[in-house]
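A.B. asks: There's a structure below that I have some questions on.
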Amino acid sequence: MDFNSESIKKILSKYKFRDVAIEELQKVSRLHPDMIVKHETYTFTDSSQKDLLKIIGNIPIRYQGHSYNLPILLWLLDSFPFTPPICFLRPTSNMVIREGKHVDSKGRIYLPGLHNWDHPKSSVNGLLAEMMAKFEEEPPLGTKSSGPAENPNDLLAYVSDLSLNEGGSRPDQAVKVSVIGGGDLGVATVLSIMAKSSVDKLVLIDSPECSNKGGTTDLEIFNLPKVEVSKDLAASAESKVVIVTANAWNDEQSYVSVVQTNVDMYRSIIPRLAQLSPNAILLIASQPVDVMTHVAWRQSHLLPNQVIGVGCNLDSQRLSHIINISLLANNAGKQAWVIGELSENKVAVWGDVKPGTDQLQGLTPVSNSTKPLMDRALEMLKGRGQRSWSVGLSIADITHSIITDQKKIHSVTTLAEGWGGIGSKVFLSLPCIIGENGSIRIAGVSLGPEDEMKLRESVATQVNLFMQLRL
């Protein structure tokens, strides 16, 4: 890699962590000498643009006994290496993208290593190694031709089961969403999604395994268009999003017993749901949502970005509304998120939004100057309950971002390991970019001592609870 050209030096001078970025690129060059660094203008989803560095090259993989070179492109944001690269495939004119767990229809790459990025533990070399391993299991590119590729250095092996229409692209797939749990929250979720989004089919499953039944009869009586009511989990097959609202507890049990009852119920439904819809995003709304999202991830064996919980999305939306409407008369456009555990022990952070755009540049902690404003907003947030209809609206909001690939930021329950120095495998609400491939975490932020203590207490509480549960 050549870092001596004037154009590269000029771009590097604008990087926030220039020396660390150069050191990381040198490590890539030593292990992958054929990779090259260039600079170009990157266009973000909000149409804003920025001059960035990019790594271009091929990674070798083996598939069905043959070796192939996979062309890739890594865009490096100006906060690299403390934020992950934006990774894409670079298909030639003879290649087609095979959309799957790790790649969307536009060739963008999604991997656990990107979701859990935490430099210096995370590195580009480690990311490339993960790509090789994952893409050997499920090649992301195929050839448009009807026979095997002649030049394996340019094309991946012909994959006989690649389903393409005559135009060489995937046929349009119907958008199907399934809601598991026939209680008030399940019904509220169905009605909210129908009002918020355009779906081809919406299935509400009042499964015998779930105890909160009772709301499905009216839906069957009034026969809403596109809504199917079932008692069979098989009706959820091939869903884009699977939402679990079911709870299986009663008020007479201890807290640990209550959670264990839900864990046992999940054991009877989550593996089956994942088997029926292996590419779906699993959205958890059962309580306690942080714990049950973790349980769902373990039991489903899906990727971390595929399993999220509703978390603090509702509180975050309410908090930003209070700040902008009630306190600042909608003049500041400030964005705030509630993070951590869904409890009264709330932690809030600001979003550092680029002026004149919706582009988030990073998170910032509550400072001494903004603490009075945030404290007042959090006080106003107290007492606003989590009623079924309001949680249903929040679920519909997240679901809409998934099925429309909106890339909107939500505070959702996600694997928190590696975020802000968290070393345990716990699930907490964190700001994430939500799209059709699930969640991508926003990089961590250094919190003040008080908020840091709250977050650590949440981690410790969750770890202690898991030691008492039978998963």
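Letters A, B, ... go to the chains of the structure tokens in the order shown; residues in each chain start at 1; ligands are counted from 1 in the same order.
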Just want the 6 Å neighbourhood of stretch 107-114 of chain A, counted on only C-alpha atoms, with same-chain residues fewer than 3 positions away dropped. Output as a list of chain:residue names.
C.D. replies: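 After dropping sequence-adjacent residues, the list is A:Pro84, A:Cys87, A:Phe88, A:Leu89, A:His102, A:Val103, A:Asp104, A:Trp117.
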A.B. asks: Find the spatial neighbours of A:His115, counting only C-alpha atoms, within a cut-off of 7 Å - ignore same-chain residues fewer than 5 positions away - and output them as a PyMOL selection string.
C.D. replies: chain A and resi 305+440-441
A.B. asks: So which residues of stretch 210-320 of chain A fall under alpha helix (DSSP H) by DSSP, listed as a ChimeraX atom specification?
C.D. replies: /A:216-222,255-276,289-300,313-320
A.B. asks: Could you name the residues that touch stretch 376-381 of chain A at 8 Å or less, counting only C-alpha atoms, but leaving out those on the same chain fewer than 4 positions away, as a ChimeraX atom specification?
C.D. replies: /A:315,318-319,322-323,327,372
A.B. asks: How would the residues just picked look written out with all heavy atoms as a CSV table (one decimal), in the first residue's frame?
C.D. replies:
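Done, and the output landed in result-v4.csv:
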chain,number,residue,atom,x,y,z
A,315,ASP,N,-38.9,4.6,24.8
A,315,ASP,CA,-38.4,5.6,25.7
A,315,ASP,C,-37.5,6.6,24.9
A,315,ASP,O,-37.6,7.8,25.2
A,315,ASP,CB,-37.5,5.0,26.8
A,315,ASP,CG,-38.4,4.5,27.9
A,315,ASP,OD1,-39.6,4.8,28.0
A,315,ASP,OD2,-37.9,3.7,28.8
A,318,ARG,N,-39.8,8.9,22.9
A,318,ARG,CA,-40.5,9.8,23.8
A,318,ARG,C,-39.5,10.9,24.3
A,318,ARG,O,-39.9,12.1,24.4
A,318,ARG,CB,-41.1,9.0,24.9
A,318,ARG,CG,-42.3,8.2,24.6
A,318,ARG,CD,-42.7,7.4,25.8
A,318,ARG,NE,-44.0,6.8,25.6
A,318,ARG,CZ,-44.6,5.9,26.4
A,318,ARG,NH1,-43.9,5.5,27.5
A,318,ARG,NH2,-45.8,5.4,26.2
A,319,LEU,N,-38.3,10.5,24.6
A,319,LEU,CA,-37.3,11.5,25.2
A,319,LEU,C,-37.0,12.5,24.1
A,319,LEU,O,-37.0,13.7,24.5
A,319,LEU,CB,-36.0,10.7,25.6
A,319,LEU,CG,-35.0,11.5,26.3
A,319,LEU,CD1,-35.5,12.1,27.6
A,319,LEU,CD2,-33.7,10.7,26.5
A,322,ILE,N,-39.9,14.9,23.9
A,322,ILE,CA,-40.0,15.8,25.0
A,322,ILE,C,-39.0,16.9,24.9
A,322,ILE,O,-39.3,18.1,25.1
A,322,ILE,CB,-39.8,15.0,26.3
A,322,ILE,CG1,-41.0,14.1,26.6
A,322,ILE,CG2,-39.6,16.0,27.5
A,322,ILE,CD1,-40.8,13.2,27.8
A,323,ILE,N,-37.8,16.6,24.5
A,323,ILE,CA,-36.7,17.6,24.4
A,323,ILE,C,-37.0,18.6,23.4
A,323,ILE,O,-36.9,19.8,23.6
A,323,ILE,CB,-35.4,16.9,24.2
A,323,ILE,CG1,-34.9,16.1,25.4
A,323,ILE,CG2,-34.3,17.9,23.8
A,323,ILE,CD1,-33.7,15.3,25.2
A,327,LEU,N,-39.4,21.2,25.6
A,327,LEU,CA,-38.4,21.9,26.3
A,327,LEU,C,-37.7,22.9,25.3
A,327,LEU,O,-37.3,24.0,25.7
A,327,LEU,CB,-37.4,21.0,26.9
A,327,LEU,CG,-37.9,20.1,28.0
A,327,LEU,CD1,-36.8,19.2,28.5
A,327,LEU,CD2,-38.6,20.8,29.1
A,372,PRO,N,-28.7,19.5,33.0
A,372,PRO,CA,-30.0,20.0,33.5
A,372,PRO,C,-31.1,19.7,32.5
A,372,PRO,O,-32.3,19.4,32.9
A,372,PRO,CB,-29.8,21.5,33.7
A,372,PRO,CG,-28.3,21.6,33.9
A,372,PRO,CD,-27.7,20.6,33.1
A.B. asks: Could you tell me which of A:Ser388, A:Ser122, A:Thr43, A:Asn437 comes closest to A:Phe80 if we count only C-alpha atoms?
C.D. replies: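 The closest residue to A:Phe80 is A:Ser122.
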A.B. asks: Need the shell around A:Arg470: protein/DNA/RNA residues with any atom at most 12 Å away, counting only C-alpha atoms. Skip same-chain ones fewer than 4 positions apart. Format as a VMD selection string?
C.D. replies: chain A and resid 256 to 257 259 to 267 295 465 to 466
A.B. asks: Could you write those residues out with all heavy atoms, as an mmCIF file, in the first residue's frame?
C.D. replies:
data_model
loop_
_atom_site.group_PDB
_atom_site.id
_atom_site.type_symbol
_atom_site.label_atom_id
_atom_site.label_comp_id
_atom_site.auth_asym_id
_atom_site.auth_seq_id
_atom_site.Cartn_x
_atom_site.Cartn_y
_atom_site.Cartn_z
ATOM 1 N N VAL A 256 -37.108 -14.772 39.561
ATOM 2 C CA VAL A 256 -36.315 -15.782 38.849
ATOM 3 C C VAL A 256 -37.220 -16.858 38.262
ATOM 4 O O VAL A 256 -37.027 -17.308 37.125
ATOM 5 C CB VAL A 256 -35.254 -16.405 39.782
ATOM 6 C CG1 VAL A 256 -34.527 -17.555 39.074
ATOM 7 C CG2 VAL A 256 -34.255 -15.344 40.231
ATOM 8 N N SER A 257 -38.232 -17.272 39.015
ATOM 9 C CA SER A 257 -39.170 -18.287 38.514
ATOM 10 C C SER A 257 -39.965 -17.775 37.321
ATOM 11 O O SER A 257 -40.228 -18.510 36.367
ATOM 12 C CB SER A 257 -40.136 -18.708 39.629
ATOM 13 O OG SER A 257 -39.438 -19.297 40.694
ATOM 14 N N VAL A 259 -38.975 -15.482 35.117
ATOM 15 C CA VAL A 259 -38.096 -15.468 33.944
ATOM 16 C C VAL A 259 -37.848 -16.892 33.458
ATOM 17 O O VAL A 259 -37.838 -17.152 32.244
ATOM 18 C CB VAL A 259 -36.770 -14.748 34.272
ATOM 19 C CG1 VAL A 259 -35.837 -14.795 33.069
ATOM 20 C CG2 VAL A 259 -37.029 -13.306 34.678
ATOM 21 N N GLN A 260 -37.652 -17.833 34.386
ATOM 22 C CA GLN A 260 -37.407 -19.227 33.992
ATOM 23 C C GLN A 260 -38.592 -19.788 33.211
ATOM 24 O O GLN A 260 -38.416 -20.553 32.250
ATOM 25 C CB GLN A 260 -37.141 -20.081 35.231
ATOM 26 C CG GLN A 260 -36.755 -21.525 34.918
ATOM 27 C CD GLN A 260 -35.447 -21.620 34.167
ATOM 28 O OE1 GLN A 260 -34.413 -21.164 34.640
ATOM 29 N NE2 GLN A 260 -35.490 -22.205 32.973
ATOM 30 N N THR A 261 -39.811 -19.419 33.607
ATOM 31 C CA THR A 261 -40.998 -19.868 32.884
ATOM 32 C C THR A 261 -40.967 -19.384 31.438
ATOM 33 O O THR A 261 -41.287 -20.125 30.502
ATOM 34 C CB THR A 261 -42.276 -19.360 33.575
ATOM 35 O OG1 THR A 261 -42.281 -19.789 34.931
ATOM 36 C CG2 THR A 261 -43.514 -19.902 32.875
ATOM 37 N N ASN A 262 -40.561 -18.125 31.240
ATOM 38 C CA ASN A 262 -40.439 -17.602 29.883
ATOM 39 C C ASN A 262 -39.321 -18.292 29.107
ATOM 40 O O ASN A 262 -39.449 -18.570 27.915
ATOM 41 C CB ASN A 262 -40.190 -16.090 29.920
ATOM 42 C CG ASN A 262 -41.431 -15.300 29.570
ATOM 43 O OD1 ASN A 262 -42.506 -15.860 29.379
ATOM 44 N ND2 ASN A 262 -41.301 -13.992 29.483
ATOM 45 N N VAL A 263 -38.204 -18.558 29.792
ATOM 46 C CA VAL A 263 -37.085 -19.260 29.144
ATOM 47 C C VAL A 263 -37.540 -20.639 28.670
ATOM 48 O O VAL A 263 -37.226 -21.067 27.545
ATOM 49 C CB VAL A 263 -35.882 -19.382 30.110
ATOM 50 C CG1 VAL A 263 -34.809 -20.307 29.525
ATOM 51 C CG2 VAL A 263 -35.289 -18.012 30.399
ATOM 52 N N ASP A 264 -38.282 -21.344 29.517
ATOM 53 C CA ASP A 264 -38.786 -22.678 29.153
ATOM 54 C C ASP A 264 -39.734 -22.594 27.964
ATOM 55 O O ASP A 264 -39.707 -23.453 27.073
ATOM 56 C CB ASP A 264 -39.492 -23.318 30.340
ATOM 57 C CG ASP A 264 -38.542 -23.611 31.501
ATOM 58 O OD1 ASP A 264 -37.316 -23.681 31.259
ATOM 59 O OD2 ASP A 264 -39.017 -23.756 32.647
ATOM 60 N N MET A 265 -40.597 -21.568 27.961
ATOM 61 C CA MET A 265 -41.503 -21.390 26.824
ATOM 62 C C MET A 265 -40.713 -21.127 25.553
ATOM 63 O O MET A 265 -41.004 -21.684 24.488
ATOM 64 C CB MET A 265 -42.463 -20.236 27.081
ATOM 65 C CG MET A 265 -43.390 -19.930 25.905
ATOM 66 S SD MET A 265 -44.172 -18.314 25.991
ATOM 67 C CE MET A 265 -42.772 -17.206 25.876
ATOM 68 N N TYR A 266 -39.698 -20.264 25.641
ATOM 69 C CA TYR A 266 -38.879 -19.955 24.465
ATOM 70 C C TYR A 266 -38.210 -21.208 23.909
ATOM 71 O O TYR A 266 -38.045 -21.351 22.699
ATOM 72 C CB TYR A 266 -37.813 -18.917 24.843
ATOM 73 C CG TYR A 266 -38.200 -17.492 24.502
ATOM 74 C CD1 TYR A 266 -39.515 -17.058 24.645
ATOM 75 C CD2 TYR A 266 -37.259 -16.587 24.035
ATOM 76 C CE1 TYR A 266 -39.871 -15.759 24.338
ATOM 77 C CE2 TYR A 266 -37.606 -15.281 23.715
ATOM 78 C CZ TYR A 266 -38.909 -14.884 23.871
ATOM 79 O OH TYR A 266 -39.272 -13.594 23.554
ATOM 80 N N ARG A 267 -37.792 -22.094 24.804
ATOM 81 C CA ARG A 267 -37.135 -23.320 24.362
ATOM 82 C C ARG A 267 -38.042 -24.141 23.451
ATOM 83 O O ARG A 267 -37.568 -24.885 22.581
ATOM 84 C CB ARG A 267 -36.702 -24.151 25.570
ATOM 85 C CG ARG A 267 -35.690 -25.248 25.236
ATOM 86 C CD ARG A 267 -35.294 -26.042 26.468
ATOM 87 N NE ARG A 267 -34.651 -25.212 27.476
ATOM 88 C CZ ARG A 267 -35.154 -24.960 28.686
ATOM 89 N NH1 ARG A 267 -36.336 -25.471 29.022
ATOM 90 N NH2 ARG A 267 -34.511 -24.191 29.534
ATOM 91 N N VAL A 295 -31.660 -14.823 25.483
ATOM 92 C CA VAL A 295 -32.108 -16.217 25.421
ATOM 93 C C VAL A 295 -32.462 -16.607 23.984
ATOM 94 O O VAL A 295 -32.084 -17.683 23.499
ATOM 95 C CB VAL A 295 -33.314 -16.432 26.362
ATOM 96 C CG1 VAL A 295 -33.929 -17.813 26.152
ATOM 97 C CG2 VAL A 295 -32.901 -16.252 27.818
ATOM 98 N N LEU A 465 -28.283 -12.900 37.066
ATOM 99 C CA LEU A 465 -29.538 -13.588 36.768
ATOM 100 C C LEU A 465 -29.292 -14.832 35.919
ATOM 101 O O LEU A 465 -29.883 -15.899 36.165
ATOM 102 C CB LEU A 465 -30.509 -12.636 36.057
ATOM 103 C CG LEU A 465 -31.849 -13.230 35.614
ATOM 104 C CD1 LEU A 465 -32.620 -13.783 36.806
ATOM 105 C CD2 LEU A 465 -32.675 -12.188 34.864
ATOM 106 N N PHE A 466 -28.423 -14.707 34.905
ATOM 107 C CA PHE A 466 -28.167 -15.844 34.016
ATOM 108 C C PHE A 466 -27.536 -17.016 34.760
ATOM 109 O O PHE A 466 -27.702 -18.174 34.369
ATOM 110 C CB PHE A 466 -27.306 -15.423 32.835
ATOM 111 C CG PHE A 466 -28.115 -15.056 31.633
ATOM 112 C CD1 PHE A 466 -28.554 -13.747 31.448
ATOM 113 C CD2 PHE A 466 -28.472 -15.994 30.677
ATOM 114 C CE1 PHE A 466 -29.314 -13.402 30.363
ATOM 115 C CE2 PHE A 466 -29.241 -15.660 29.595
ATOM 116 C CZ PHE A 466 -29.663 -14.360 29.417
#
A.B. asks: Can you list, as a ChimeraX atom specification, every protein, DNA or RNA residue that comes within 10 Å of stretch 3-9 of chain A when you count only C-alpha atoms, leaving out same-chain residues fewer than 6 positions away?
C.D. replies: /A:18,22,25-26,36-39,52-53
A.B. asks: Got time to write the residues from that selection, N, CA, C and O atoms, as a PDB file, in the first residue's frame?
C.D. replies:
ATOM      1  N   ARG A  18      -5.321   9.698  12.641  1.00  0.00           N
ATOM      2  CA  ARG A  18      -4.477   9.460  11.475  1.00  0.00           C
ATOM      3  C   ARG A  18      -3.396   8.417  11.732  1.00  0.00           C
ATOM      4  O   ARG A  18      -3.248   7.460  10.959  1.00  0.00           O
ATOM      5  N   ILE A  22      -3.070   4.718   9.984  1.00  0.00           N
ATOM      6  CA  ILE A  22      -1.924   4.297   9.169  1.00  0.00           C
ATOM      7  C   ILE A  22      -1.343   2.984   9.698  1.00  0.00           C
ATOM      8  O   ILE A  22      -1.018   2.070   8.919  1.00  0.00           O
ATOM      9  N   LEU A  25      -3.550   0.171   8.593  1.00  0.00           N
ATOM     10  CA  LEU A  25      -3.397  -0.100   7.164  1.00  0.00           C
ATOM     11  C   LEU A  25      -2.076  -0.808   6.870  1.00  0.00           C
ATOM     12  O   LEU A  25      -1.999  -1.655   5.971  1.00  0.00           O
ATOM     13  N   GLN A  26      -1.026  -0.474   7.610  1.00  0.00           N
ATOM     14  CA  GLN A  26       0.257  -1.153   7.428  1.00  0.00           C
ATOM     15  C   GLN A  26       0.158  -2.630   7.801  1.00  0.00           C
ATOM     16  O   GLN A  26       0.755  -3.490   7.139  1.00  0.00           O
ATOM     17  N   ILE A  36      -4.919  -2.616  -2.235  1.00  0.00           N
ATOM     18  CA  ILE A  36      -4.494  -1.251  -2.534  1.00  0.00           C
ATOM     19  C   ILE A  36      -5.420  -0.251  -1.851  1.00  0.00           C
ATOM     20  O   ILE A  36      -6.586  -0.551  -1.572  1.00  0.00           O
ATOM     21  N   VAL A  37      -4.870   0.926  -1.555  1.00  0.00           N
ATOM     22  CA  VAL A  37      -5.653   2.005  -0.943  1.00  0.00           C
ATOM     23  C   VAL A  37      -5.852   3.112  -1.968  1.00  0.00           C
ATOM     24  O   VAL A  37      -4.896   3.558  -2.610  1.00  0.00           O
ATOM     25  N   LYS A  38      -7.082   3.542  -2.114  1.00  0.00           N
ATOM     26  CA  LYS A  38      -7.412   4.659  -2.991  1.00  0.00           C
ATOM     27  C   LYS A  38      -8.288   5.633  -2.225  1.00  0.00           C
ATOM     28  O   LYS A  38      -8.687   5.367  -1.091  1.00  0.00           O
ATOM     29  N   HIS A  39      -8.590   6.749  -2.843  1.00  0.00           N
ATOM     30  CA  HIS A  39      -9.529   7.685  -2.226  1.00  0.00           C
ATOM     31  C   HIS A  39     -10.593   8.047  -3.254  1.00  0.00           C
ATOM     32  O   HIS A  39     -10.345   8.089  -4.458  1.00  0.00           O
ATOM     33  N   LEU A  52     -13.261   9.865   1.241  1.00  0.00           N
ATOM     34  CA  LEU A  52     -12.796   8.825   2.158  1.00  0.00           C
ATOM     35  C   LEU A  52     -11.767   7.924   1.475  1.00  0.00           C
ATOM     36  O   LEU A  52     -11.702   7.846   0.241  1.00  0.00           O
ATOM     37  N   LEU A  53     -11.006   7.228   2.301  1.00  0.00           N
ATOM     38  CA  LEU A  53     -10.123   6.182   1.796  1.00  0.00           C
ATOM     39  C   LEU A  53     -10.917   4.897   1.611  1.00  0.00           C
ATOM     40  O   LEU A  53     -11.915   4.656   2.299  1.00  0.00           O
TER      41      LEU A  53
END
A.B. asks: Check the smallest atom-to-atom distance from each of A:Val241, A:Ile205, A:Ala443, A:Met131 to A:Val175 using only C-alpha atoms, then report the winner.
C.D. replies: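 Looking only at the distances to A:Val175, the closest residue turns out to be A:Val241.
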A.B. asks: Which residues of stretch 266-340 of chain A sit at most 9 Å from stretch 409-420 of chain A, using only C-alpha atoms? Give each one's shortest atom pair and distance in Å (one decimal place), in chain and ascending residue order, as a Markdown table.
C.D. replies:
| residue | atom | partner | partner_atom | distance |
| --- | --- | --- | --- | --- |
| A:Ile284 | CA | A:Thr413 | CA | 8.6 |
| A:Val289 | CA | A:Thr413 | CA | 7.5 |
| A:Asp290 | CA | A:Thr413 | CA | 6.1 |
| A:Thr293 | CA | A:Thr413 | CA | 7.0 |
| A:His294 | CA | A:Leu415 | CA | 7.6 |
| A:Trp297 | CA | A:Leu415 | CA | 9.0 |
| A:Pro304 | CA | A:Leu415 | CA | 6.4 |
| A:Asn305 | CA | A:Thr414 | CA | 7.6 |
| A:Val307 | CA | A:Thr414 | CA | 7.2 |
| A:Ile308 | CA | A:Thr414 | CA | 5.2 |
| A:Gly309 | CA | A:Thr413 | CA | 4.4 |
| A:Val310 | CA | A:Val412 | CA | 5.3 |
| A:Gly311 | CA | A:Val412 | CA | 4.7 |
| A:Cys312 | CA | A:Ser411 | CA | 5.5 |
| A:Asn313 | CA | A:Ser411 | CA | 4.8 |
| A:Leu314 | CA | A:Ser411 | CA | 8.4 |
| A:Asp315 | CA | A:Ser411 | CA | 8.8 |
| A:Ser316 | CA | A:Ser411 | CA | 6.7 |
| A:Gln317 | CA | A:His410 | CA | 8.6 |
| A:Trp337 | CA | A:Ser411 | CA | 6.4 |
| A:Val338 | CA | A:Ser411 | CA | 6.8 |
| A:Ile339 | CA | A:Ser411 | CA | 6.6 |
| A:Gly340 | CA | A:Thr413 | CA | 8.4 |
A.B. asks: Go ahead and dump the residues you just picked, N, CA, C and O atoms, as an mmCIF file, in the first residue's frame.
C.D. replies:
data_model
loop_
_atom_site.group_PDB
_atom_site.id
_atom_site.type_symbol
_atom_site.label_atom_id
_atom_site.label_comp_id
_atom_site.auth_asym_id
_atom_site.auth_seq_id
_atom_site.Cartn_x
_atom_site.Cartn_y
_atom_site.Cartn_z
ATOM 1 N N ILE A 284 -37.713 -9.271 19.541
ATOM 2 C CA ILE A 284 -38.230 -9.771 20.816
ATOM 3 C C ILE A 284 -38.897 -8.646 21.608
ATOM 4 O O ILE A 284 -38.336 -7.561 21.770
ATOM 5 N N VAL A 289 -37.093 -7.827 28.464
ATOM 6 C CA VAL A 289 -36.682 -7.877 27.061
ATOM 7 C C VAL A 289 -35.179 -8.076 26.895
ATOM 8 O O VAL A 289 -34.749 -8.763 25.963
ATOM 9 N N ASP A 290 -34.362 -7.511 27.789
ATOM 10 C CA ASP A 290 -32.910 -7.669 27.661
ATOM 11 C C ASP A 290 -32.515 -9.135 27.831
ATOM 12 O O ASP A 290 -31.705 -9.673 27.064
ATOM 13 N N THR A 293 -34.107 -11.421 24.921
ATOM 14 C CA THR A 293 -33.409 -11.284 23.639
ATOM 15 C C THR A 293 -32.131 -12.114 23.654
ATOM 16 O O THR A 293 -31.786 -12.773 22.661
ATOM 17 N N HIS A 294 -31.428 -12.099 24.769
ATOM 18 C CA HIS A 294 -30.228 -12.934 24.929
ATOM 19 C C HIS A 294 -30.586 -14.407 24.809
ATOM 20 O O HIS A 294 -29.913 -15.176 24.102
ATOM 21 N N TRP A 297 -31.343 -15.325 21.224
ATOM 22 C CA TRP A 297 -30.114 -15.429 20.416
ATOM 23 C C TRP A 297 -29.438 -16.778 20.637
ATOM 24 O O TRP A 297 -29.034 -17.446 19.688
ATOM 25 N N PRO A 304 -25.836 -12.355 15.642
ATOM 26 C CA PRO A 304 -26.259 -11.309 16.584
ATOM 27 C C PRO A 304 -27.070 -10.200 15.923
ATOM 28 O O PRO A 304 -27.992 -9.659 16.537
ATOM 29 N N ASN A 305 -26.729 -9.842 14.673
ATOM 30 C CA ASN A 305 -27.470 -8.765 14.015
ATOM 31 C C ASN A 305 -28.894 -9.167 13.647
ATOM 32 O O ASN A 305 -29.725 -8.317 13.344
ATOM 33 N N VAL A 307 -30.941 -10.876 15.730
ATOM 34 C CA VAL A 307 -31.770 -11.001 16.941
ATOM 35 C C VAL A 307 -31.687 -9.693 17.731
ATOM 36 O O VAL A 307 -30.640 -9.344 18.273
ATOM 37 N N ILE A 308 -32.787 -8.965 17.777
ATOM 38 C CA ILE A 308 -32.834 -7.697 18.503
ATOM 39 C C ILE A 308 -34.099 -7.655 19.354
ATOM 40 O O ILE A 308 -35.046 -8.409 19.122
ATOM 41 N N GLY A 309 -34.081 -6.791 20.349
ATOM 42 C CA GLY A 309 -35.261 -6.600 21.179
ATOM 43 C C GLY A 309 -35.773 -5.180 21.053
ATOM 44 O O GLY A 309 -35.047 -4.271 20.630
ATOM 45 N N VAL A 310 -37.031 -4.971 21.432
ATOM 46 C CA VAL A 310 -37.621 -3.628 21.317
ATOM 47 C C VAL A 310 -36.917 -2.642 22.241
ATOM 48 O O VAL A 310 -36.865 -1.438 21.964
ATOM 49 N N GLY A 311 -36.357 -3.155 23.343
ATOM 50 C CA GLY A 311 -35.488 -2.360 24.201
ATOM 51 C C GLY A 311 -36.040 -0.999 24.571
ATOM 52 O O GLY A 311 -37.205 -0.849 24.952
ATOM 53 N N CYS A 312 -35.194 0.014 24.430
ATOM 54 C CA CYS A 312 -35.533 1.386 24.838
ATOM 55 C C CYS A 312 -35.968 2.250 23.657
ATOM 56 O O CYS A 312 -35.851 3.479 23.718
ATOM 57 N N ASN A 313 -36.447 1.627 22.587
ATOM 58 C CA ASN A 313 -36.869 2.409 21.422
ATOM 59 C C ASN A 313 -38.004 3.371 21.777
ATOM 60 O O ASN A 313 -37.978 4.545 21.406
ATOM 61 N N LEU A 314 -38.991 2.881 22.516
ATOM 62 C CA LEU A 314 -40.128 3.724 22.886
ATOM 63 C C LEU A 314 -39.673 4.879 23.780
ATOM 64 O O LEU A 314 -40.032 6.047 23.546
ATOM 65 N N ASP A 315 -38.873 4.572 24.797
ATOM 66 C CA ASP A 315 -38.370 5.627 25.683
ATOM 67 C C ASP A 315 -37.520 6.633 24.913
ATOM 68 O O ASP A 315 -37.575 7.843 25.182
ATOM 69 N N SER A 316 -36.710 6.161 23.960
ATOM 70 C CA SER A 316 -35.847 7.063 23.188
ATOM 71 C C SER A 316 -36.674 8.009 22.327
ATOM 72 O O SER A 316 -36.388 9.209 22.245
ATOM 73 N N GLN A 317 -37.699 7.471 21.675
ATOM 74 C CA GLN A 317 -38.554 8.313 20.839
ATOM 75 C C GLN A 317 -39.290 9.345 21.698
ATOM 76 O O GLN A 317 -39.424 10.516 21.312
ATOM 77 N N TRP A 337 -30.929 9.305 22.921
ATOM 78 C CA TRP A 337 -31.293 7.893 23.034
ATOM 79 C C TRP A 337 -31.162 7.453 24.479
ATOM 80 O O TRP A 337 -30.246 7.874 25.198
ATOM 81 N N VAL A 338 -32.089 6.597 24.887
ATOM 82 C CA VAL A 338 -31.986 5.912 26.174
ATOM 83 C C VAL A 338 -31.282 4.587 25.906
ATOM 84 O O VAL A 338 -31.665 3.848 24.993
ATOM 85 N N ILE A 339 -30.245 4.293 26.677
ATOM 86 C CA ILE A 339 -29.479 3.065 26.464
ATOM 87 C C ILE A 339 -29.425 2.264 27.756
ATOM 88 O O ILE A 339 -29.810 2.736 28.821
ATOM 89 N N GLY A 340 -28.940 1.034 27.639
ATOM 90 C CA GLY A 340 -28.753 0.173 28.800
ATOM 91 C C GLY A 340 -29.917 -0.756 29.019
ATOM 92 O O GLY A 340 -30.494 -1.306 28.081
#
A.B. asks: Extract, using only C-alpha atoms, all DNA, RNA and protein residues at most 6 Å from stretch 60-77 of chain A, discarding same-chain residues fewer than 2 positions from it, and format them as a list in words.
C.D. replies: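 Residues meeting the cut-off are Leu53, Lys54, Ile55, Ile56, Gly57, Asn58, Ser79, Phe80, Pro85, Ile86, Cys87, Phe88, Leu89, Arg90, Met132, Glu136, Pro152, Asn153 and Leu156 of chain A.
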A.B. asks: For A:Lys454, which of A:Lys134, A:Lys407, A:Lys346, A:Lys176 is the closest residue, counting only C-alpha atoms?
C.D. replies: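 Among A:Lys134, A:Lys407, A:Lys346, A:Lys176, it is A:Lys346 that comes nearest to A:Lys454.
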A.B. asks: Between A:Leu302, A:Val20, A:Gly423, A:Thr45, which is the closest to A:Gly435 once you count only C-alpha atoms?
C.D. replies: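 Ranked by minimum distance to A:Gly435, first place goes to A:Thr45.
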A.B. asks: A:Ser446, A:Gln406, A:Ser236, A:Ser429: which is nearest A:Ser367, counting only C-alpha atoms?
C.D. replies: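 For A:Ser367, the nearest of the candidates is A:Ser446.
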A.B. asks: Let me make sure I understand: among A:Ser390, A:Ser369, A:Thr143, A:Asn345, which one has the smallest atom-to-atom distance to A:Asp451 if we use only C-alpha atoms?
C.D. replies: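 Selected residue with least distance to A:Asp451: A:Asn345.
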A.B. asks: Excluding A:Gln335 and residues on its chain fewer than 6 positions from it, collect all residues at most 7 Å away from it, counting only C-alpha atoms, and give them as a PyMOL selection string.
C.D. replies: chain A and resi 320+350-351
A.B. asks: Could you give me the residues within stretch 64-307 of chain A that DSSP places in strand (DSSP E), as JSON, numbers by chain?
C.D. replies: {"A": [66, 67, 68, 69, 70, 71, 72, 73, 74, 75, 76, 86, 87, 88, 89, 95, 96, 97, 141, 142, 143, 176, 177, 178, 179, 180, 201, 202, 203, 204, 205, 227, 228, 229, 230, 241, 242, 243, 244, 281, 282, 283, 284, 307]}
